[in-house]
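Q: To start, I am sharing the structure in question, which I have written as C-alpha cells.
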Amino acid sequence: MTDTEAFEAQRPRLTRLAYRMLGSVAEAQDAVQDAWLRWRRAGDEVADPAAWLVRTTTRLCIDRLRAAKSQRDAYRGPWLPEPLIEDLTIDPVERAEDVSVAFLLALERLSPLERAVFLLHDVFEEDYAEVAETLGKTEPAVRQLAARARAHVKEARPRFTVSQEDAAKLAAAFMMAAAQGDMTALSAMLAQDAVMVTDGGGKRKAALRPLIGREDIVRLMEGLAWRGGDGQPLSFLSVRINGYPGLIMVREDGPMTVAFQPGEGGKLAGIYMVRNPDKLGHVG
C-alpha cells in the first residue's frame, strides 16, 4: 500500500473525528489536510499508520480549539455546529446520536482534552492506554478526564429512538403549520420543554438567546411572520442534518438550515436553525 492509499483508507475516520472535535465541516477538512501534510513528511518512519494519523489529527484539533477559544467566547448569539448534511435517499453515514446537535453542544462544554478523551474512548472505542499515548498523559489522568466528560455528556444522548420516517413526518407537519401560521398546531407539536436555537453569528437576523419552552418558541414563530414580511422561501430541500430530519431553505438573503430533534411522545424536543453564512459555504 502506498502512502497515499494508506492515508485515504483512514480519511473517513479522521474526518469523523475532526468534525466531532471542532463542530465545523470546513475546519475538520482543514485539520485532516494538515494531517496529510505531516504524514507525507513522516514517510517510512511510521510503524502504525492508523494510530499515528488519529494521534496527529487529534492533536491538531486540540490546537485549533485552543486557538479559537477567544473567537468562540466573543461569538454573537448562540453557537451551533456547522450542519452536517446527508441526502435522504442514502443510508446514514453517521450514527445520529454521535453527530446530533444536542450531542455536539454538550461537547462544547468540555475542555479540548476532555473532548478528545471522550471521543477517542467512548465514541471511537480506543482503549485508555492508546488515548493516553495520543495525548501524552498518564492512563489514570485520562480515566479522570473521561469520567468528567461522561458526566457532562450523558444527558445529551437520546433516551429513546424514533424512526426516521416518523421524525420526518413530524418535521414536515411542523413546517406546514408554520407556513400556514397555525400557532395552535405548532404548539401541539412541541414538547413542553422544547428548545429552539438560531445561529446568525451576528451576520443575519437570529434570536440572541436560546428559546426554552413551548410558549417562548410559539411567540417567536408568531413574530417571524412566516407568511408575511419575512417572506416565503424561494426553495427548500428535505435532507438529514446531523442525523435529524431537516431542511435547506433558500430565502432572498441566502440559504439557511433547519434541523428538527424528535423527542418523546411524538413531540419535537429541539429546533436548530443555522443562518450564519460563514457556516453555510458547503450548502449547495
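Just remember, in the C-alpha cells the first chain shown is A, the second B, etc., residues are 1-based per chain, and ligands are 1-based in the order shown.
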Report as a PyMOL selection string all protein, DNA and RNA residues lying within 8 Å of range 238-250 of chain A, evaluated on only C-alpha atoms, omitting residues in the same chain fewer than 3 positions from it.
A: chain A and resi 83-88+92+94-97+99-101+164+167-168+171+233-235+253-262+283
Q: Could you please take those selected residues and save N, CA and C atoms as a JSON list (two decimals), in the first residue's frame?
A:
[["chain", "number", "residue", "atom", "x", "y", "z"],
["A", 83, "PRO", "N", -23.80, 22.63, 9.99],
["A", 83, "PRO", "CA", -24.68, 21.49, 9.71],
["A", 83, "PRO", "C", -23.98, 20.42, 8.90],
["A", 84, "LEU", "N", -24.13, 19.19, 9.36],
["A", 84, "LEU", "CA", -23.62, 18.02, 8.64],
["A", 84, "LEU", "C", -24.77, 17.45, 7.84],
["A", 85, "ILE", "N", -24.72, 17.57, 6.54],
["A", 85, "ILE", "CA", -25.87, 17.30, 5.68],
["A", 85, "ILE", "C", -25.69, 16.00, 4.91],
["A", 86, "GLU", "N", -26.74, 15.17, 4.95],
["A", 86, "GLU", "CA", -26.76, 13.92, 4.19],
["A", 86, "GLU", "C", -28.05, 13.85, 3.39],
["A", 87, "ASP", "N", -27.97, 13.27, 2.22],
["A", 87, "ASP", "CA", -29.15, 13.10, 1.39],
["A", 87, "ASP", "C", -30.06, 12.04, 2.00],
["A", 88, "LEU", "N", -31.36, 12.28, 1.94],
["A", 88, "LEU", "CA", -32.32, 11.34, 2.50],
["A", 88, "LEU", "C", -32.36, 10.02, 1.73],
["A", 92, "PRO", "N", -27.82, 6.49, 6.33],
["A", 92, "PRO", "CA", -26.99, 7.41, 7.12],
["A", 92, "PRO", "C", -25.55, 6.94, 7.23],
["A", 94, "GLU", "N", -23.40, 8.55, 9.27],
["A", 94, "GLU", "CA", -23.06, 8.77, 10.67],
["A", 94, "GLU", "C", -24.16, 8.25, 11.57],
["A", 95, "ARG", "N", -23.79, 7.75, 12.76],
["A", 95, "ARG", "CA", -24.79, 7.39, 13.74],
["A", 95, "ARG", "C", -25.39, 8.68, 14.29],
["A", 96, "ALA", "N", -26.71, 8.78, 14.26],
["A", 96, "ALA", "CA", -27.38, 10.03, 14.60],
["A", 96, "ALA", "C", -27.01, 10.52, 16.00],
["A", 97, "GLU", "N", -26.91, 9.60, 16.96],
["A", 97, "GLU", "CA", -26.65, 10.03, 18.33],
["A", 97, "GLU", "C", -25.25, 10.61, 18.51],
["A", 99, "VAL", "N", -23.63, 12.55, 16.17],
["A", 99, "VAL", "CA", -23.45, 13.82, 15.47],
["A", 99, "VAL", "C", -24.63, 14.75, 15.70],
["A", 100, "SER", "N", -25.54, 14.37, 16.59],
["A", 100, "SER", "CA", -26.72, 15.21, 16.84],
["A", 100, "SER", "C", -26.27, 16.57, 17.37],
["A", 101, "VAL", "N", -27.09, 17.58, 17.09],
["A", 101, "VAL", "CA", -26.76, 18.92, 17.55],
["A", 101, "VAL", "C", -26.66, 18.95, 19.08],
["A", 164, "GLN", "N", -36.77, 7.21, 11.42],
["A", 164, "GLN", "CA", -36.53, 8.33, 10.51],
["A", 164, "GLN", "C", -37.82, 8.77, 9.83],
["A", 167, "ALA", "N", -40.01, 10.74, 12.32],
["A", 167, "ALA", "CA", -39.39, 12.03, 12.60],
["A", 167, "ALA", "C", -39.57, 12.98, 11.41],
["A", 168, "ALA", "N", -39.42, 12.47, 10.20],
["A", 168, "ALA", "CA", -39.58, 13.30, 9.00],
["A", 168, "ALA", "C", -41.02, 13.79, 8.87],
["A", 171, "ALA", "N", -41.49, 16.66, 11.33],
["A", 171, "ALA", "CA", -40.85, 17.88, 10.85],
["A", 171, "ALA", "C", -41.65, 18.53, 9.74],
["A", 233, "PRO", "N", -39.85, 31.01, 1.58],
["A", 233, "PRO", "CA", -38.59, 30.57, 0.99],
["A", 233, "PRO", "C", -38.71, 30.45, -0.52],
["A", 234, "LEU", "N", -37.60, 30.79, -1.22],
["A", 234, "LEU", "CA", -37.59, 30.66, -2.67],
["A", 234, "LEU", "C", -37.53, 29.19, -3.08],
["A", 235, "SER", "N", -36.89, 28.38, -2.24],
["A", 235, "SER", "CA", -36.82, 26.94, -2.49],
["A", 235, "SER", "C", -36.47, 26.24, -1.19],
["A", 253, "ASP", "N", -32.22, 36.44, 1.33],
["A", 253, "ASP", "CA", -30.92, 36.82, 1.91],
["A", 253, "ASP", "C", -29.96, 35.65, 1.99],
["A", 254, "GLY", "N", -30.31, 34.52, 1.37],
["A", 254, "GLY", "CA", -29.39, 33.40, 1.32],
["A", 254, "GLY", "C", -29.95, 32.13, 1.92],
["A", 255, "PRO", "N", -29.14, 31.06, 1.96],
["A", 255, "PRO", "CA", -29.61, 29.77, 2.48],
["A", 255, "PRO", "C", -29.60, 29.73, 4.00],
["A", 256, "MET", "N", -30.35, 28.81, 4.54],
["A", 256, "MET", "CA", -30.32, 28.51, 5.96],
["A", 256, "MET", "C", -30.68, 27.04, 6.11],
["A", 257, "THR", "N", -30.35, 26.46, 7.24],
["A", 257, "THR", "CA", -30.75, 25.08, 7.51],
["A", 257, "THR", "C", -31.58, 25.03, 8.77],
["A", 258, "VAL", "N", -32.52, 24.09, 8.80],
["A", 258, "VAL", "CA", -33.36, 23.87, 9.97],
["A", 258, "VAL", "C", -33.32, 22.39, 10.28],
["A", 259, "ALA", "N", -32.90, 22.04, 11.48],
["A", 259, "ALA", "CA", -32.86, 20.64, 11.92],
["A", 259, "ALA", "C", -33.87, 20.45, 13.04],
["A", 260, "PHE", "N", -34.60, 19.34, 13.00],
["A", 260, "PHE", "CA", -35.65, 19.06, 13.98],
["A", 260, "PHE", "C", -35.25, 17.86, 14.81],
["A", 261, "GLN", "N", -35.15, 18.06, 16.11],
["A", 261, "GLN", "CA", -34.80, 16.97, 17.03],
["A", 261, "GLN", "C", -36.09, 16.35, 17.57],
["A", 262, "PRO", "N", -36.40, 15.10, 17.19],
["A", 262, "PRO", "CA", -37.60, 14.46, 17.72],
["A", 262, "PRO", "C", -37.43, 14.13, 19.19],
["A", 283, "VAL", "N", -23.12, 24.34, 1.77],
["A", 283, "VAL", "CA", -24.52, 24.01, 1.49],
["A", 283, "VAL", "C", -24.83, 24.37, 0.05]]
Q: Identify, on the basis of only C-alpha atoms, every residue whose closest approach to Met189 in chain A does not exceed 8 Å; exclude the query and any residue fewer than 4 positions from it along the same chain; express the result as a CSV table (one decimal) with all heavy atoms, in the first residue's frame.
A:
chain,number,residue,atom,x,y,z
A,170,LEU,N,-43.1,14.4,11.3
A,170,LEU,CA,-43.3,15.4,12.3
A,170,LEU,C,-42.7,16.7,11.9
A,170,LEU,O,-43.3,17.8,12.1
A,170,LEU,CB,-42.7,14.9,13.7
A,170,LEU,CG,-42.8,15.8,14.9
A,170,LEU,CD1,-44.2,16.1,15.2
A,170,LEU,CD2,-42.0,15.2,16.1
A,174,PHE,N,-44.7,20.2,11.1
A,174,PHE,CA,-44.4,21.5,11.8
A,174,PHE,C,-44.2,22.6,10.8
A,174,PHE,O,-44.7,23.7,10.9
A,174,PHE,CB,-43.1,21.3,12.6
A,174,PHE,CG,-42.8,22.5,13.4
A,174,PHE,CD1,-43.2,22.6,14.7
A,174,PHE,CD2,-41.9,23.5,12.9
A,174,PHE,CE1,-42.9,23.8,15.5
A,174,PHE,CE2,-41.6,24.6,13.7
A,174,PHE,CZ,-42.1,24.7,14.9
A,185,ALA,N,-51.6,24.5,16.1
A,185,ALA,CA,-51.0,23.2,15.7
A,185,ALA,C,-49.5,23.2,16.0
A,185,ALA,O,-48.9,22.1,16.4
A,185,ALA,CB,-51.2,23.0,14.2
A,266,GLY,N,-43.8,11.6,20.5
A,266,GLY,CA,-44.2,12.2,19.2
A,266,GLY,C,-44.2,13.7,19.1
A,266,GLY,O,-44.8,14.3,18.3
A,267,LYS,N,-43.4,14.3,20.0
A,267,LYS,CA,-43.2,15.8,20.0
A,267,LYS,C,-41.8,16.2,19.5
A,267,LYS,O,-40.9,15.3,19.5
A,267,LYS,CB,-43.4,16.3,21.5
A,267,LYS,CG,-44.7,15.9,22.1
A,267,LYS,CD,-45.9,16.7,21.6
A,267,LYS,CE,-47.1,16.4,22.5
A,267,LYS,NZ,-48.3,17.2,22.0
A,268,LEU,N,-41.7,17.4,19.2
A,268,LEU,CA,-40.3,18.0,18.9
A,268,LEU,C,-39.7,18.5,20.1
A,268,LEU,O,-40.2,19.3,20.9
A,268,LEU,CB,-40.5,19.1,17.9
A,268,LEU,CG,-40.8,18.7,16.4
A,268,LEU,CD1,-41.1,19.9,15.6
A,268,LEU,CD2,-39.7,17.9,15.8
Q: Just the residues within 10 Å of His121 in chain A, please, counting only C-alpha atoms, with nothing from its chain fewer than 6 positions along; format it as a list in words.
A: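 After dropping sequence-adjacent residues, the list is Asp127, Tyr128, Ala129, Glu130, Val131, Val142, Arg143 and Ala146 of chain A.
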Q: Which value, in Å to one decimal, gives the distance between CA of Glu8 in chain A and CA of Asp34 in chain A?
A: 13.6 Å
Q: Hey, what's within 9 Å of Arg20 in chain A if we count only C-alpha atoms and toss same-chain stuff fewer than 4 positions away? As a PyMOL selection string, please?
A: chain A and resi 15-16+24+28+98-99+104+107+115+119
Q: Atoms to include: N, CA and C atoms. Write the selected residues as a tab-separated table (two decimals), in the first residue's frame.
A:
chain	number	residue	atom	x	y	z
A	15	THR	N	-11.89	12.30	9.39
A	15	THR	CA	-12.83	13.39	9.18
A	15	THR	C	-13.97	13.34	10.20
A	16	ARG	N	-14.44	12.13	10.50
A	16	ARG	CA	-15.49	12.00	11.52
A	16	ARG	C	-14.99	12.47	12.88
A	24	SER	N	-17.19	21.76	12.95
A	24	SER	CA	-17.14	22.50	11.69
A	24	SER	C	-16.68	21.59	10.56
A	28	ALA	N	-12.77	20.74	9.97
A	28	ALA	CA	-12.43	19.32	10.01
A	28	ALA	C	-11.64	18.92	8.77
A	98	ASP	N	-24.33	10.31	17.58
A	98	ASP	CA	-22.96	10.78	17.72
A	98	ASP	C	-22.68	12.07	16.95
A	99	VAL	N	-23.63	12.55	16.17
A	99	VAL	CA	-23.45	13.82	15.47
A	99	VAL	C	-24.63	14.75	15.70
A	104	LEU	N	-23.29	17.52	20.09
A	104	LEU	CA	-22.17	18.41	19.79
A	104	LEU	C	-22.17	19.63	20.70
A	107	LEU	N	-20.61	18.58	23.86
A	107	LEU	CA	-19.15	18.53	23.74
A	107	LEU	C	-18.53	19.92	23.87
A	115	ARG	N	-12.77	16.61	25.69
A	115	ARG	CA	-13.47	16.25	24.45
A	115	ARG	C	-12.71	15.17	23.69
A	119	LEU	N	-14.23	11.38	23.06
A	119	LEU	CA	-14.47	10.92	21.69
A	119	LEU	C	-13.61	9.70	21.36
Q: Fewer than 6 positions away in the same chain doesn't count, so skip those; otherwise give me all residues within 8 Å of Phe118 in chain A, counting only C-alpha atoms, as a list in words.
A: Leu145, Ala146, Ala149 and Arg150 of chain A
Q: What does the file look like for those residues with C-alpha atoms, as a PDB file, in the first residue's frame?
A:
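Saved as out.pdb:
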ATOM      1  CA  LEU A 145     -10.839  13.220  32.151  1.00  0.00           C
ATOM      2  CA  ALA A 146     -13.170  10.607  30.683  1.00  0.00           C
ATOM      3  CA  ALA A 149     -16.592  14.367  30.298  1.00  0.00           C
ATOM      4  CA  ARG A 150     -19.057  11.495  30.564  1.00  0.00           C
TER       5      ARG A 150
END
Q: Counting only C-alpha atoms, what is within 9 Å of Val153 in chain A, bar same-chain residues fewer than 4 positions away, as a PDB file with N, CA and C atoms, in the first residue's frame?
A:
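Below you can see result17.pdb, which holds the result:
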ATOM      1  N   PHE A 103     -25.782  16.605  21.081  1.00  0.00           N
ATOM      2  CA  PHE A 103     -24.534  15.957  21.491  1.00  0.00           C
ATOM      3  C   PHE A 103     -23.346  16.880  21.257  1.00  0.00           C
ATOM      4  N   ALA A 106     -23.209  19.570  23.763  1.00  0.00           N
ATOM      5  CA  ALA A 106     -22.689  19.060  25.037  1.00  0.00           C
ATOM      6  C   ALA A 106     -21.168  18.982  24.999  1.00  0.00           C
ATOM      7  N   LEU A 107     -20.610  18.584  23.859  1.00  0.00           N
ATOM      8  CA  LEU A 107     -19.149  18.526  23.737  1.00  0.00           C
ATOM      9  C   LEU A 107     -18.529  19.915  23.875  1.00  0.00           C
ATOM     10  N   ARG A 109     -19.166  22.078  25.958  1.00  0.00           N
ATOM     11  CA  ARG A 109     -18.977  22.413  27.372  1.00  0.00           C
ATOM     12  C   ARG A 109     -17.719  21.770  27.953  1.00  0.00           C
ATOM     13  N   LEU A 110     -17.084  20.916  27.186  1.00  0.00           N
ATOM     14  CA  LEU A 110     -15.887  20.229  27.654  1.00  0.00           C
ATOM     15  C   LEU A 110     -14.626  20.998  27.270  1.00  0.00           C
ATOM     16  N   ARG A 148     -15.138  12.860  33.946  1.00  0.00           N
ATOM     17  CA  ARG A 148     -15.709  14.215  33.982  1.00  0.00           C
ATOM     18  C   ARG A 148     -16.496  14.498  32.712  1.00  0.00           C
ATOM     19  N   ALA A 149     -15.914  14.123  31.570  1.00  0.00           N
ATOM     20  CA  ALA A 149     -16.592  14.367  30.298  1.00  0.00           C
ATOM     21  C   ALA A 149     -17.895  13.598  30.215  1.00  0.00           C
ATOM     22  N   ARG A 157     -27.410  12.426  25.228  1.00  0.00           N
ATOM     23  CA  ARG A 157     -27.693  11.247  24.410  1.00  0.00           C
ATOM     24  C   ARG A 157     -29.174  10.928  24.465  1.00  0.00           C
TER      25      ARG A 157
END
Q: Taking only C-alpha atoms into account, produce a table as a Markdown table in which each residue of range 165-263 of chain A with an atom at most 7 Å from an atom of range 65-80 of chain A appears once, together with its shortest atom pair and the distance in Å to one decimal, ordered by chain and rising number.
A:
| residue | atom | partner | partner_atom | distance |
| --- | --- | --- | --- | --- |
| A:Val197 | CA | A:Pro78 | CA | 6.8 |
| A:Thr198 | CA | A:Pro78 | CA | 6.7 |
| A:Asp199 | CA | A:Pro78 | CA | 5.6 |
| A:Gly201 | CA | A:Arg76 | CA | 5.4 |
| A:Gly202 | CA | A:Arg76 | CA | 5.3 |
| A:Leu208 | CA | A:Gly77 | CA | 4.4 |
| A:Arg209 | CA | A:Pro78 | CA | 5.9 |
| A:Pro210 | CA | A:Pro78 | CA | 6.6 |
Q: Which is closer to Arg59 in chain A than all the others in A:Gly223, A:Gly136, A:Gly23, A:Gly43, using only C-alpha atoms?
A: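 Counting only C-alpha atoms, the residue closest to Arg59 in chain A is A:Gly136.
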Q: Give the helix (DSSP H, G or I) residues of range 118-258 of chain A, as DSSP finds them on the backbone, and put them as JSON, numbers by chain.
A: {"A": [118, 119, 120, 121, 122, 123, 128, 129, 130, 131, 132, 133, 134, 135, 139, 140, 141, 142, 143, 144, 145, 146, 147, 148, 149, 150, 151, 152, 153, 154, 155, 156, 164, 165, 166, 167, 168, 169, 170, 171, 172, 173, 174, 175, 176, 177, 178, 179, 180, 183, 184, 185, 186, 187, 188, 189, 214, 215, 216, 217, 218, 219, 220, 221, 222, 223, 224]}
Q: According to DSSP computed on the backbone, where in range 14-243 of chain A is there strand (DSSP E)? Give the residues as a list in words.
A: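 Those in range 14-243 of chain A that DSSP calls strand (DSSP E) are Ile85, Glu86, Leu190, Ala191, Gln192, Asp193, Ala194, Val195, Met196, Val197, Thr198, Asp199, Leu211, Ile212, Ser235, Phe236, Leu237, Ser238, Val239, Arg240 and Ile241 of chain A.
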